[in-house]
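Enquirer: TSV, C-alpha atoms and all ligand atoms, file my_file_34.tsv:
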chain	number	residue	atom	x	y	z
A	1	MET	CA	-52.12	10.77	-20.66
A	2	LYS	CA	-51.49	7.05	-21.11
A	3	ARG	CA	-48.77	5.48	-19.04
A	4	THR	CA	-45.87	3.17	-19.77
A	5	GLY	CA	-46.05	-0.43	-18.57
A	6	ILE	CA	-43.73	-3.39	-18.44
A	7	ILE	CA	-45.11	-6.09	-20.75
A	8	GLY	CA	-42.38	-8.71	-20.41
A	9	THR	CA	-39.41	-9.46	-18.17
A	10	GLY	CA	-36.46	-11.83	-18.46
A	11	LYS	CA	-33.25	-12.82	-16.72
A	12	TYR	CA	-30.05	-14.71	-17.20
A	13	LEU	CA	-27.79	-16.03	-14.46
A	14	PRO	CA	-24.50	-17.76	-15.27
A	15	GLU	CA	-24.37	-21.47	-14.32
A	16	ASN	CA	-21.27	-21.30	-12.15
A	17	VAL	CA	-22.19	-20.94	-8.45
A	18	LEU	CA	-19.63	-19.53	-6.00
A	19	THR	CA	-20.62	-20.48	-2.46
A	20	ASN	CA	-19.52	-18.91	0.81
A	21	ALA	CA	-17.74	-22.19	1.56
A	22	ALA	CA	-15.65	-21.76	-1.60
A	23	LEU	CA	-14.84	-18.16	-0.57
A	24	GLU	CA	-13.62	-19.44	2.83
A	25	LYS	CA	-10.84	-21.17	0.88
A	26	MET	CA	-9.93	-17.98	-1.01
A	27	VAL	CA	-9.87	-15.29	1.71
A	28	ASP	CA	-10.00	-15.04	5.52
A	29	THR	CA	-13.78	-15.13	5.92
A	30	SER	CA	-16.55	-17.43	7.08
A	31	ASP	CA	-19.97	-18.53	5.87
A	32	GLU	CA	-21.37	-17.30	9.19
A	33	TRP	CA	-19.85	-13.77	8.82
A	34	ILE	CA	-21.07	-13.40	5.24
A	35	ILE	CA	-24.61	-14.58	6.01
A	36	THR	CA	-25.08	-12.52	9.16
A	37	ARG	CA	-23.42	-9.33	7.84
A	38	THR	CA	-24.89	-9.42	4.30
A	39	GLY	CA	-27.54	-12.15	3.84
A	40	ILE	CA	-25.60	-13.67	0.93
A	41	LYS	CA	-25.19	-17.46	0.65
A	42	GLU	CA	-23.94	-17.77	-2.92
A	43	ARG	CA	-23.49	-15.80	-6.14
A	44	ARG	CA	-23.09	-16.59	-9.84
A	45	ILE	CA	-19.87	-16.10	-11.77
A	46	ALA	CA	-19.86	-15.71	-15.55
A	47	ALA	CA	-17.57	-17.89	-17.67
A	48	ASP	CA	-14.31	-16.38	-18.94
A	49	ASN	CA	-15.70	-16.16	-22.46
A	50	GLU	CA	-19.04	-14.73	-21.29
A	51	ALA	CA	-19.18	-10.93	-21.45
A	52	THR	CA	-21.83	-8.49	-20.26
A	53	SER	CA	-23.51	-8.27	-23.68
A	54	ASP	CA	-23.78	-12.09	-23.90
A	55	MET	CA	-25.73	-12.17	-20.64
A	56	ALA	CA	-27.77	-9.12	-21.73
A	57	VAL	CA	-28.81	-10.85	-24.96
A	58	LYS	CA	-30.00	-13.98	-23.12
A	59	ALA	CA	-32.08	-11.95	-20.64
A	60	SER	CA	-33.48	-9.86	-23.52
A	61	LYS	CA	-34.57	-12.92	-25.51
A	62	GLN	CA	-36.55	-14.14	-22.51
A	63	ALA	CA	-38.12	-10.71	-21.93
A	64	LEU	CA	-39.10	-10.43	-25.61
A	65	SER	CA	-40.53	-13.94	-25.61
A	66	ASN	CA	-42.56	-13.20	-22.45
A	67	ALA	CA	-43.85	-10.04	-24.12
A	68	GLY	CA	-44.74	-12.03	-27.24
A	69	LEU	CA	-42.50	-9.80	-29.36
A	70	LYS	CA	-39.54	-10.10	-31.74
A	71	PRO	CA	-36.33	-8.02	-31.74
A	72	SER	CA	-37.71	-6.22	-34.80
A	73	ASP	CA	-40.55	-4.82	-32.62
A	74	ILE	CA	-38.14	-2.77	-30.47
A	75	ASP	CA	-37.51	0.95	-31.08
A	76	VAL	CA	-34.78	1.66	-28.52
A	77	ILE	CA	-32.30	-0.41	-26.52
A	78	ILE	CA	-30.97	0.85	-23.18
A	79	VAL	CA	-28.31	-1.10	-21.27
A	80	ALA	CA	-27.51	-0.22	-17.67
A	81	THR	CA	-24.03	-1.43	-16.79
A	82	ILE	CA	-20.77	-0.43	-15.12
A	83	THR	CA	-19.00	-3.48	-16.55
A	84	PRO	CA	-19.46	-2.95	-20.29
A	85	ASP	CA	-17.79	-5.36	-22.73
A	86	MET	CA	-15.36	-2.49	-23.41
A	87	PHE	CA	-15.27	1.33	-23.19
A	88	PHE	CA	-16.72	1.61	-26.67
A	89	PRO	CA	-18.62	0.58	-28.69
A	90	SER	CA	-21.36	0.50	-26.10
A	91	THR	CA	-22.73	-2.79	-24.80
A	92	ALA	CA	-26.14	-1.67	-26.12
A	93	CYS	CA	-24.73	-1.65	-29.67
A	94	GLN	CA	-23.42	-5.18	-29.14
A	95	VAL	CA	-26.87	-6.23	-27.93
A	96	GLN	CA	-28.55	-4.59	-30.95
A	97	TYR	CA	-26.24	-6.53	-33.29
A	98	LYS	CA	-26.40	-9.89	-31.49
A	99	LEU	CA	-30.19	-9.74	-31.08
A	100	GLY	CA	-30.59	-8.91	-34.75
A	101	ALA	CA	-32.69	-5.88	-33.80
A	102	PRO	CA	-33.23	-3.13	-36.38
A	103	ASN	CA	-30.77	-0.21	-36.49
A	104	VAL	CA	-32.57	1.54	-33.66
A	105	ALA	CA	-31.22	3.90	-31.00
A	106	ALA	CA	-29.01	2.00	-28.54
A	107	PHE	CA	-26.95	3.33	-25.65
A	108	ASP	CA	-25.53	2.49	-22.23
A	109	VAL	CA	-26.40	4.14	-18.94
A	110	SER	CA	-23.66	4.29	-16.28
A	111	VAL	CA	-25.21	4.87	-12.87
A	112	ALA	CA	-24.02	1.75	-11.05
A	113	CYS	CA	-26.64	-0.05	-8.94
A	114	SER	CA	-29.42	2.45	-9.76
A	115	GLY	CA	-29.02	1.77	-13.49
A	116	TYR	CA	-32.11	-0.36	-14.01
A	117	VAL	CA	-34.42	2.21	-12.40
A	118	TYR	CA	-32.75	4.98	-14.43
A	119	GLY	CA	-33.15	2.88	-17.59
A	120	LEU	CA	-36.85	2.29	-16.92
A	121	ALA	CA	-37.34	6.01	-16.21
A	122	ILE	CA	-35.63	7.00	-19.48
A	123	ALA	CA	-37.71	4.49	-21.45
A	124	ASP	CA	-40.86	5.84	-19.78
A	125	GLN	CA	-40.02	9.36	-20.99
A	126	PHE	CA	-39.31	8.20	-24.55
A	127	ILE	CA	-42.60	6.31	-24.73
A	128	ARG	CA	-44.79	8.92	-23.05
A	129	GLY	CA	-43.18	11.64	-25.13
A	130	GLY	CA	-44.12	9.70	-28.25
A	131	LEU	CA	-40.62	9.33	-29.76
A	132	TYR	CA	-40.62	5.53	-29.41
A	133	LYS	CA	-43.31	2.89	-29.10
A	134	ARG	CA	-41.39	0.09	-27.44
A	135	ALA	CA	-38.21	-0.01	-25.37
A	136	LEU	CA	-35.94	-2.82	-24.27
A	137	VAL	CA	-34.27	-1.98	-20.96
A	138	ILE	CA	-31.52	-4.30	-19.79
A	139	ALA	CA	-29.27	-4.36	-16.74
A	140	SER	CA	-26.28	-6.64	-17.12
A	141	GLU	CA	-23.15	-6.87	-15.00
A	142	LYS	CA	-20.03	-8.99	-14.86
A	143	LEU	CA	-18.79	-7.65	-11.52
A	144	SER	CA	-16.49	-10.67	-11.16
A	145	SER	CA	-14.30	-9.06	-13.86
A	146	VAL	CA	-13.65	-6.00	-11.65
A	147	THR	CA	-13.52	-7.68	-8.24
A	148	ASP	CA	-10.32	-7.93	-6.20
A	149	TRP	CA	-10.46	-11.61	-5.26
A	150	GLU	CA	-7.96	-11.05	-2.44
A	151	ASP	CA	-10.02	-8.29	-0.72
A	152	ARG	CA	-12.39	-10.00	1.71
A	153	SER	CA	-14.29	-6.77	2.37
A	154	THR	CA	-15.60	-6.66	-1.21
A	155	CYS	CA	-15.16	-10.04	-2.94
A	156	VAL	CA	-17.82	-11.75	-0.83
A	157	LEU	CA	-20.47	-9.24	-1.94
A	158	PHE	CA	-20.67	-9.27	-5.72
A	159	GLY	CA	-21.99	-11.52	-8.46
A	160	ASP	CA	-22.82	-11.62	-12.18
A	161	GLY	CA	-26.15	-11.67	-14.00
A	162	ALA	CA	-28.61	-9.86	-16.22
A	163	GLY	CA	-32.26	-8.85	-16.29
A	164	ALA	CA	-34.39	-7.19	-18.95
A	165	ALA	CA	-37.81	-5.65	-19.51
A	166	VAL	CA	-39.89	-4.63	-22.52
A	167	LEU	CA	-41.94	-1.47	-22.08
A	168	GLU	CA	-44.78	0.06	-24.07
A	169	GLN	CA	-47.86	2.21	-23.59
A	170	VAL	CA	-50.57	0.49	-21.56
A	171	ASP	CA	-54.28	1.19	-21.06
A	172	GLU	CA	-54.25	0.45	-17.33
A	173	GLY	CA	-51.63	0.88	-14.61
A	174	GLY	CA	-48.04	1.51	-15.65
A	175	ILE	CA	-45.35	3.75	-14.18
A	176	LEU	CA	-47.04	6.19	-11.79
A	177	GLY	CA	-44.01	8.15	-10.57
A	178	VAL	CA	-40.23	8.38	-10.71
A	179	HIS	CA	-37.58	9.99	-8.52
A	180	LEU	CA	-33.90	10.03	-9.55
A	181	GLY	CA	-30.92	11.66	-7.85
A	182	SER	CA	-27.15	11.86	-7.44
A	183	ASP	CA	-24.43	13.14	-5.09
A	184	GLY	CA	-21.01	13.20	-6.76
A	185	SER	CA	-19.32	14.56	-3.63
A	186	LYS	CA	-19.40	11.04	-2.20
A	187	GLY	CA	-18.14	9.33	-5.35
A	188	ASP	CA	-14.99	8.11	-3.65
A	189	LEU	CA	-16.96	5.80	-1.34
A	190	LEU	CA	-17.46	3.33	-4.17
A	191	GLN	CA	-15.31	3.47	-7.25
A	192	LEU	CA	-13.16	1.73	-9.82
A	193	PRO	CA	-10.29	4.24	-9.91
A	194	ALA	CA	-8.17	3.38	-12.94
A	195	GLY	CA	-8.61	2.78	-16.63
A	196	GLY	CA	-10.31	6.09	-17.40
A	197	SER	CA	-8.86	9.44	-18.49
A	198	ARG	CA	-7.99	10.42	-14.89
A	199	MET	CA	-5.74	7.40	-14.41
A	200	PRO	CA	-5.11	5.50	-17.64
A	201	ALA	CA	-4.06	1.87	-17.42
A	202	SER	CA	-0.36	1.37	-16.63
A	203	ILE	CA	1.80	-1.32	-15.09
A	204	LYS	CA	1.49	0.61	-11.81
A	205	THR	CA	-2.34	0.71	-11.87
A	206	VAL	CA	-2.40	-3.02	-12.50
A	207	GLU	CA	0.15	-3.75	-9.76
A	208	ASN	CA	-1.84	-1.59	-7.31
A	209	LYS	CA	-5.10	-3.32	-8.28
A	210	LEU	CA	-6.72	-0.04	-9.22
A	211	HIS	CA	-8.84	-1.72	-11.89
A	212	THR	CA	-11.00	-3.34	-9.22
A	213	ILE	CA	-13.86	-2.08	-7.03
A	214	LYS	CA	-12.85	-0.02	-3.99
A	215	MET	CA	-15.53	0.50	-1.38
A	216	GLU	CA	-15.90	2.08	2.04
A	217	GLY	CA	-18.60	-0.34	3.08
A	218	ASN	CA	-19.66	0.88	6.50
A	219	VAL	CA	-19.86	4.58	5.53
A	220	LEU	CA	-21.82	3.62	2.45
A	221	PHE	CA	-24.15	1.46	4.54
A	222	LYS	CA	-25.41	4.45	6.51
A	223	HIS	CA	-25.96	6.52	3.37
A	224	ALA	CA	-27.74	3.59	1.69
A	225	VAL	CA	-30.39	3.28	4.41
A	226	LYS	CA	-31.15	7.01	4.52
A	227	ILE	CA	-31.03	7.60	0.77
A	228	MET	CA	-33.22	4.61	-0.10
A	229	ALA	CA	-35.79	5.65	2.52
A	230	ASP	CA	-35.73	9.28	1.30
A	231	ALA	CA	-36.06	8.17	-2.34
A	232	ALA	CA	-39.04	5.97	-1.44
A	233	LEU	CA	-40.69	8.93	0.24
A	234	ALA	CA	-39.87	11.29	-2.64
A	235	VAL	CA	-41.69	9.07	-5.11
A	236	THR	CA	-44.62	7.89	-2.98
A	237	GLU	CA	-45.56	11.17	-1.25
A	238	PRO	CA	-46.54	13.10	-4.42
A	239	LEU	CA	-48.72	10.09	-5.34
A	240	GLY	CA	-50.45	10.32	-1.95
A	241	MET	CA	-49.16	6.85	-1.09
A	242	LYS	CA	-47.77	5.44	2.15
A	243	GLY	CA	-45.93	2.19	2.92
A	244	ASP	CA	-49.31	0.43	3.30
A	245	ASP	CA	-50.32	1.34	-0.25
A	246	ILE	CA	-47.32	-0.52	-1.69
A	247	ASP	CA	-47.88	-4.24	-2.35
A	248	LEU	CA	-44.24	-5.16	-2.90
A	249	ILE	CA	-40.91	-3.37	-2.70
A	250	ILE	CA	-38.27	-4.53	-5.21
A	251	PRO	CA	-35.09	-3.01	-3.80
A	252	HIS	CA	-31.52	-3.11	-5.00
A	253	GLN	CA	-30.04	-6.12	-3.24
A	254	ALA	CA	-26.87	-4.78	-1.58
A	255	ASN	CA	-27.24	-6.07	1.97
A	256	ILE	CA	-30.13	-7.69	3.83
A	257	ARG	CA	-29.51	-5.40	6.82
A	258	ILE	CA	-29.96	-2.31	4.62
A	259	LEU	CA	-33.27	-3.73	3.37
A	260	ASN	CA	-34.52	-4.58	6.87
A	261	ALA	CA	-33.67	-1.04	7.99
A	262	LEU	CA	-35.48	0.36	4.93
A	263	ALA	CA	-38.60	-1.71	5.73
A	264	LYS	CA	-38.51	-0.45	9.32
A	265	LYS	CA	-38.25	3.19	8.20
A	266	MET	CA	-41.16	2.66	5.82
A	267	GLY	CA	-43.22	0.88	8.47
A	268	VAL	CA	-43.73	-2.27	6.39
A	269	ASP	CA	-43.24	-5.94	7.22
A	270	PRO	CA	-40.00	-6.99	5.48
A	271	GLU	CA	-41.15	-10.64	5.25
A	272	LYS	CA	-44.31	-9.73	3.35
A	273	LYS	CA	-43.43	-6.58	1.45
A	274	VAL	CA	-39.75	-6.66	0.57
A	275	TYR	CA	-38.68	-8.98	-2.24
A	276	LEU	CA	-35.35	-10.65	-1.52
A	277	ASN	CA	-33.09	-12.85	-3.61
A	278	ILE	CA	-29.75	-11.59	-2.30
A	279	GLU	CA	-29.02	-14.98	-0.72
A	280	LYS	CA	-28.78	-16.58	-4.20
A	281	TYR	CA	-26.99	-13.89	-6.20
A	282	GLY	CA	-25.30	-11.30	-3.97
A	283	ASN	CA	-25.03	-7.75	-5.27
A	284	MET	CA	-25.15	-7.68	-9.09
A	285	SER	CA	-25.24	-3.87	-9.27
A	286	ALA	CA	-27.94	-2.71	-11.73
A	287	ALA	CA	-28.81	-6.32	-12.59
A	288	SER	CA	-29.95	-6.97	-9.02
A	289	SER	CA	-33.26	-5.11	-9.27
A	290	ALA	CA	-33.80	-6.36	-12.83
A	291	VAL	CA	-33.42	-10.00	-11.81
A	292	ALA	CA	-35.45	-9.41	-8.63
A	293	LEU	CA	-38.37	-7.95	-10.62
A	294	THR	CA	-38.25	-10.84	-13.09
A	295	GLU	CA	-38.21	-13.45	-10.31
A	296	ALA	CA	-40.99	-11.74	-8.37
A	297	VAL	CA	-43.14	-11.98	-11.53
A	298	GLU	CA	-42.12	-15.63	-12.12
A	299	GLU	CA	-42.97	-16.57	-8.53
A	300	GLY	CA	-46.41	-14.97	-8.70
A	301	ARG	CA	-45.49	-12.35	-6.08
A	302	ILE	CA	-46.80	-9.63	-8.42
A	303	LYS	CA	-50.42	-9.66	-9.58
A	304	LYS	CA	-52.33	-7.36	-11.88
A	305	GLY	CA	-53.16	-4.11	-10.12
A	306	ASP	CA	-50.38	-4.47	-7.55
A	307	ARG	CA	-48.37	-1.37	-6.76
A	308	ILE	CA	-44.67	-2.04	-6.87
A	309	LEU	CA	-41.97	0.25	-5.50
A	310	MET	CA	-38.55	-0.16	-7.08
A	311	ASP	CA	-35.85	1.47	-4.97
A	312	ALA	CA	-32.13	1.46	-5.79
A	313	PHE	CA	-28.95	3.09	-4.56
A	314	GLY	CA	-25.35	2.86	-5.72
A	315	GLY	CA	-22.00	4.31	-6.68
A	316	GLY	CA	-21.94	7.92	-7.84
A	317	LEU	CA	-23.67	8.23	-5.52
A	318	THR	CA	-26.88	7.67	-7.41
A	319	TRP	CA	-30.39	6.64	-6.45
A	320	GLY	CA	-33.65	5.96	-8.17
A	321	ALA	CA	-37.14	5.02	-7.03
A	322	LEU	CA	-40.16	4.26	-9.14
A	323	VAL	CA	-43.75	3.20	-8.50
A	324	ILE	CA	-45.41	0.99	-11.10
A	325	GLU	CA	-48.93	-0.39	-11.07
A	326	TRP	CA	-48.79	-3.85	-12.62
B	1	LIG	N1	-15.17	-11.81	6.45
B	1	LIG	C1	-14.84	-11.63	7.74
B	1	LIG	N2	-14.61	-10.42	8.27
B	1	LIG	C2	-14.72	-9.36	7.46
B	1	LIG	C3	-15.06	-9.48	6.11
B	1	LIG	C4	-15.29	-10.76	5.61
B	1	LIG	N3	-15.63	-10.99	4.33
B	1	LIG	N4	-15.10	-8.25	5.56
B	1	LIG	C5	-14.80	-7.37	6.52
B	1	LIG	N5	-14.56	-8.04	7.67
B	1	LIG	C6	-14.18	-7.50	8.97
B	1	LIG	C7	-13.50	-6.16	8.89
B	1	LIG	O1	-12.13	-6.33	8.63
B	1	LIG	C8	-13.78	-5.58	10.26
B	1	LIG	O2	-12.88	-6.15	11.15
B	1	LIG	P1	-12.23	-5.27	12.34
B	1	LIG	O3	-13.41	-4.86	13.19
B	1	LIG	O4	-11.30	-6.22	12.99
B	1	LIG	O5	-11.58	-4.11	11.66
B	1	LIG	C9	-15.15	-6.13	10.60
B	1	LIG	O6	-15.38	-7.25	9.72
B	1	LIG	C10	-16.27	-5.12	10.40
B	1	LIG	O7	-16.08	-4.48	9.13
B	1	LIG	P2	-17.11	-3.45	8.58
B	1	LIG	O8	-16.67	-3.00	7.22
B	1	LIG	O9	-17.40	-2.42	9.61
B	1	LIG	O10	-18.37	-4.41	8.44
B	1	LIG	P3	-19.86	-4.04	8.16
B	1	LIG	O11	-20.71	-4.55	9.24
B	1	LIG	O12	-20.02	-2.60	7.77
B	1	LIG	O13	-20.18	-4.93	6.87
B	1	LIG	C11	-20.39	-4.61	4.50
B	1	LIG	C12	-19.44	-4.74	5.70
B	1	LIG	C13	-19.58	-4.32	3.27
B	1	LIG	C14	-21.12	-5.92	4.35
B	1	LIG	C15	-21.42	-3.49	4.77
B	1	LIG	O14	-20.73	-2.35	5.22
B	1	LIG	C16	-22.23	-3.10	3.57
B	1	LIG	O15	-23.03	-3.86	3.09
B	1	LIG	N6	-22.09	-1.85	3.11
B	1	LIG	C17	-22.88	-1.26	2.08
B	1	LIG	C18	-22.66	-1.88	0.76
B	1	LIG	C19	-23.38	-1.08	-0.26
B	1	LIG	O16	-24.41	-0.51	0.00
B	1	LIG	N7	-22.78	-0.98	-1.41
B	1	LIG	C20	-23.20	0.05	-2.32
B	1	LIG	C21	-24.45	-0.14	-2.95
B	1	LIG	S1	-24.19	-1.16	-4.29
Can the structure from this file be put into structure tokens for me?

Expert:
Amino acid sequence: MKRTGIIGTGKYLPENVLTNAALEKMVDTSDEWIITRTGIKERRIAADNEATSDMAVKASKQALSNAGLKPSDIDVIIVATITPDMFFPSTACQVQYKLGAPNVAAFDVSVACSGYVYGLAIADQFIRGGLYKRALVIASEKLSSVTDWEDRSTCVLFGDGAGAAVLEQVDEGGILGVHLGSDGSKGDLLQLPAGGSRMPASIKTVENKLHTIKMEGNVLFKHAVKIMADAALAVTEPLGMKGDDIDLIIPHQANIRILNALAKKMGVDPEKKVYLNIEKYGNMSAASSAVALTEAVEEGRIKKGDRILMDAFGGGLTWGALVIEW
């Protein structure tokens, strides 16, 4: 059976850069603490009038252009986001309209930081199953809109941005394996509590800042290392692959210490085999792996025939790992 490949990638990062030095003036933190504890030096912040779909459209245009395609060539649009423009209509419908794509299937996927891997996996199934020929998978997040800018334990971590990929059937390489998972029992470790049906918006929810991200960072940290390592194993083992067989790991960029621990568990050299751009953008949830993949391609870190492991973990909890031969 023919496989699904990525034939074009794109990204969009807002112009506004928020440095650690600027954060030192906002909360009780230091450049030194942020760099040593997380690896982040700066992050991008979208403009007030820039919503998730606006960033998604810009990343999509670049991905389509790199694939040599037009919006009319796309059969399905999947947007991974936890910061949609609004509850409904979906951000994917906004993207369909703004791109001028045909009236094709369009929907959002809400799996937090694992969203891009989930989106790619869904697109792979659609294409291999024969329902659709080409898919546009986008991860776009405006985390600055749900960040508590007075909470030093979270506000230093997140940023805004978008990445996109066009997928279709390929003759060589493509997606070799996928592993997805979830554990809802640990959902309270990372959540945005209010605004849904459990706790609708009220003056109280706003006063108590319940429309912003709440995270138990150090508990999550331990889960992240184990889950990402297990997910990597779950996807590589059935393919008969080991750490050495992977040319580059594109992980979700949550914390440089998590990624170093992951590399150690996998027995690979983090300098050579783990792609990092966390220092420039922080954690952009699902958009992190999408932008990382795009930049790894742009920088020539991925060559034809390379085997790439994408490995993500996030709120839900959710996780997703995927091996693709480029
Ligand atoms: N600046 C300075 N000090 C800070 C700080 C900041 N921005 N944020 C927290 N601290 C302090 C804490 O108050 C605590 O102080 P105390 O010891 O006096 O109580 C101390 O630093 C250690 O806090 P802790 O939360 O244990 O730090 P940590 O080493 O676990 O690092 C994270 C915090 C958030 C960077 C880290 O836990 C992490 O990356 N977690 C996982 C994130 C993740 O995977 N997210 C989900 C996937 S998207």

Enquirer: Which one of A:Gly217, A:Gly282, A:Gly305, A:Gly159 sits closest to ligand LIG 1 (chain B) if you count all atoms listed in the file?

Expert: A:Gly217

Enquirer: Using only C-alpha atoms and all ligand atoms, which residues have at least one atom no more than 9 Å from ligand LIG 1 (chain B)? Output them as a ChimeraX atom specification.

Expert: /A:23-24,27-34,37-39,112-114,151-158,189-190,215-225,252-258,283-286,312-315,317

Enquirer: Quick one, how far is CA of Val57 in chain A from CA of Pro84 in chain A?

Expert: 13.1 Å

Enquirer: Pick out the closest residue to Ile246 in chain A from this set: A:Pro200, A:Ile324, A:Lys265, A:Lys209. Count all atoms listed in the file.

Expert: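 Of A:Pro200, A:Ile324, A:Lys265, A:Lys209, the one nearest Ile246 in chain A, counting all atoms listed in the file, is A:Ile324.
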
Enquirer: Pick the closest to Asp306 in chain A from A:Ala22, A:Leu248, A:Leu276, A:Val268: which is it, counting all atoms listed in the file?

Expert: A:Leu248

Enquirer: Which protein, DNA or RNA residues are at most 10 Å from (-20.5, 6.5, -30.9) in the file's coordinates when you count only C-alpha atoms, listed as number ranges by chain?

Expert: A: 88-90, 93, 106-107

Enquirer: Take range 8-22 of chain A, model N, CA, C and O atoms, and hand the result over as a PDB file, in the coordinates of the input.

Expert:
ATOM      1  N   GLY A   8     -43.128  -7.451 -20.430  1.00  0.00           N
ATOM      2  CA  GLY A   8     -42.380  -8.710 -20.410  1.00  0.00           C
ATOM      3  C   GLY A   8     -41.070  -8.532 -19.679  1.00  0.00           C
ATOM      4  O   GLY A   8     -40.429  -7.489 -19.800  1.00  0.00           O
ATOM      5  N   THR A   9     -40.694  -9.537 -18.884  1.00  0.00           N
ATOM      6  CA  THR A   9     -39.410  -9.460 -18.170  1.00  0.00           C
ATOM      7  C   THR A   9     -38.615 -10.734 -18.436  1.00  0.00           C
ATOM      8  O   THR A   9     -39.179 -11.781 -18.784  1.00  0.00           O
ATOM      9  N   GLY A  10     -37.313 -10.652 -18.249  1.00  0.00           N
ATOM     10  CA  GLY A  10     -36.460 -11.830 -18.460  1.00  0.00           C
ATOM     11  C   GLY A  10     -35.202 -11.717 -17.623  1.00  0.00           C
ATOM     12  O   GLY A  10     -34.893 -10.654 -17.078  1.00  0.00           O
ATOM     13  N   LYS A  11     -34.490 -12.827 -17.517  1.00  0.00           N
ATOM     14  CA  LYS A  11     -33.250 -12.820 -16.720  1.00  0.00           C
ATOM     15  C   LYS A  11     -32.287 -13.851 -17.284  1.00  0.00           C
ATOM     16  O   LYS A  11     -32.683 -14.765 -18.020  1.00  0.00           O
ATOM     17  N   TYR A  12     -31.047 -13.690 -16.917  1.00  0.00           N
ATOM     18  CA  TYR A  12     -30.050 -14.710 -17.200  1.00  0.00           C
ATOM     19  C   TYR A  12     -29.039 -14.715 -16.063  1.00  0.00           C
ATOM     20  O   TYR A  12     -28.515 -13.670 -15.687  1.00  0.00           O
ATOM     21  N   LEU A  13     -28.806 -15.890 -15.507  1.00  0.00           N
ATOM     22  CA  LEU A  13     -27.790 -16.030 -14.460  1.00  0.00           C
ATOM     23  C   LEU A  13     -26.778 -17.075 -14.926  1.00  0.00           C
ATOM     24  O   LEU A  13     -27.194 -18.179 -15.341  1.00  0.00           O
ATOM     25  N   PRO A  14     -25.500 -16.778 -14.867  1.00  0.00           N
ATOM     26  CA  PRO A  14     -24.500 -17.760 -15.270  1.00  0.00           C
ATOM     27  C   PRO A  14     -24.635 -19.039 -14.431  1.00  0.00           C
ATOM     28  O   PRO A  14     -25.085 -18.980 -13.288  1.00  0.00           O
ATOM     29  N   GLU A  15     -24.212 -20.172 -15.012  1.00  0.00           N
ATOM     30  CA  GLU A  15     -24.370 -21.470 -14.320  1.00  0.00           C
ATOM     31  C   GLU A  15     -23.474 -21.614 -13.095  1.00  0.00           C
ATOM     32  O   GLU A  15     -23.872 -22.198 -12.091  1.00  0.00           O
ATOM     33  N   ASN A  16     -22.268 -21.074 -13.191  1.00  0.00           N
ATOM     34  CA  ASN A  16     -21.270 -21.300 -12.150  1.00  0.00           C
ATOM     35  C   ASN A  16     -21.654 -20.625 -10.817  1.00  0.00           C
ATOM     36  O   ASN A  16     -21.804 -19.408 -10.754  1.00  0.00           O
ATOM     37  N   VAL A  17     -21.801 -21.450  -9.775  1.00  0.00           N
ATOM     38  CA  VAL A  17     -22.190 -20.940  -8.450  1.00  0.00           C
ATOM     39  C   VAL A  17     -20.954 -20.855  -7.563  1.00  0.00           C
ATOM     40  O   VAL A  17     -20.211 -21.829  -7.439  1.00  0.00           O
ATOM     41  N   LEU A  18     -20.745 -19.692  -6.958  1.00  0.00           N
ATOM     42  CA  LEU A  18     -19.630 -19.530  -6.000  1.00  0.00           C
ATOM     43  C   LEU A  18     -20.243 -19.430  -4.608  1.00  0.00           C
ATOM     44  O   LEU A  18     -20.920 -18.448  -4.277  1.00  0.00           O
ATOM     45  N   THR A  19     -20.010 -20.446  -3.795  1.00  0.00           N
ATOM     46  CA  THR A  19     -20.620 -20.480  -2.460  1.00  0.00           C
ATOM     47  C   THR A  19     -19.719 -19.775  -1.430  1.00  0.00           C
ATOM     48  O   THR A  19     -18.532 -19.556  -1.677  1.00  0.00           O
ATOM     49  N   ASN A  20     -20.318 -19.481  -0.274  1.00  0.00           N
ATOM     50  CA  ASN A  20     -19.520 -18.910   0.810  1.00  0.00           C
ATOM     51  C   ASN A  20     -18.428 -19.892   1.236  1.00  0.00           C
ATOM     52  O   ASN A  20     -17.314 -19.481   1.589  1.00  0.00           O
ATOM     53  N   ALA A  21     -18.737 -21.183   1.176  1.00  0.00           N
ATOM     54  CA  ALA A  21     -17.740 -22.190   1.560  1.00  0.00           C
ATOM     55  C   ALA A  21     -16.524 -22.113   0.637  1.00  0.00           C
ATOM     56  O   ALA A  21     -15.378 -22.215   1.097  1.00  0.00           O
ATOM     57  N   ALA A  22     -16.768 -21.883  -0.654  1.00  0.00           N
ATOM     58  CA  ALA A  22     -15.650 -21.760  -1.600  1.00  0.00           C
ATOM     59  C   ALA A  22     -14.839 -20.492  -1.304  1.00  0.00           C
ATOM     60  O   ALA A  22     -13.608 -20.497  -1.392  1.00  0.00           O
TER      61      ALA A  22
END
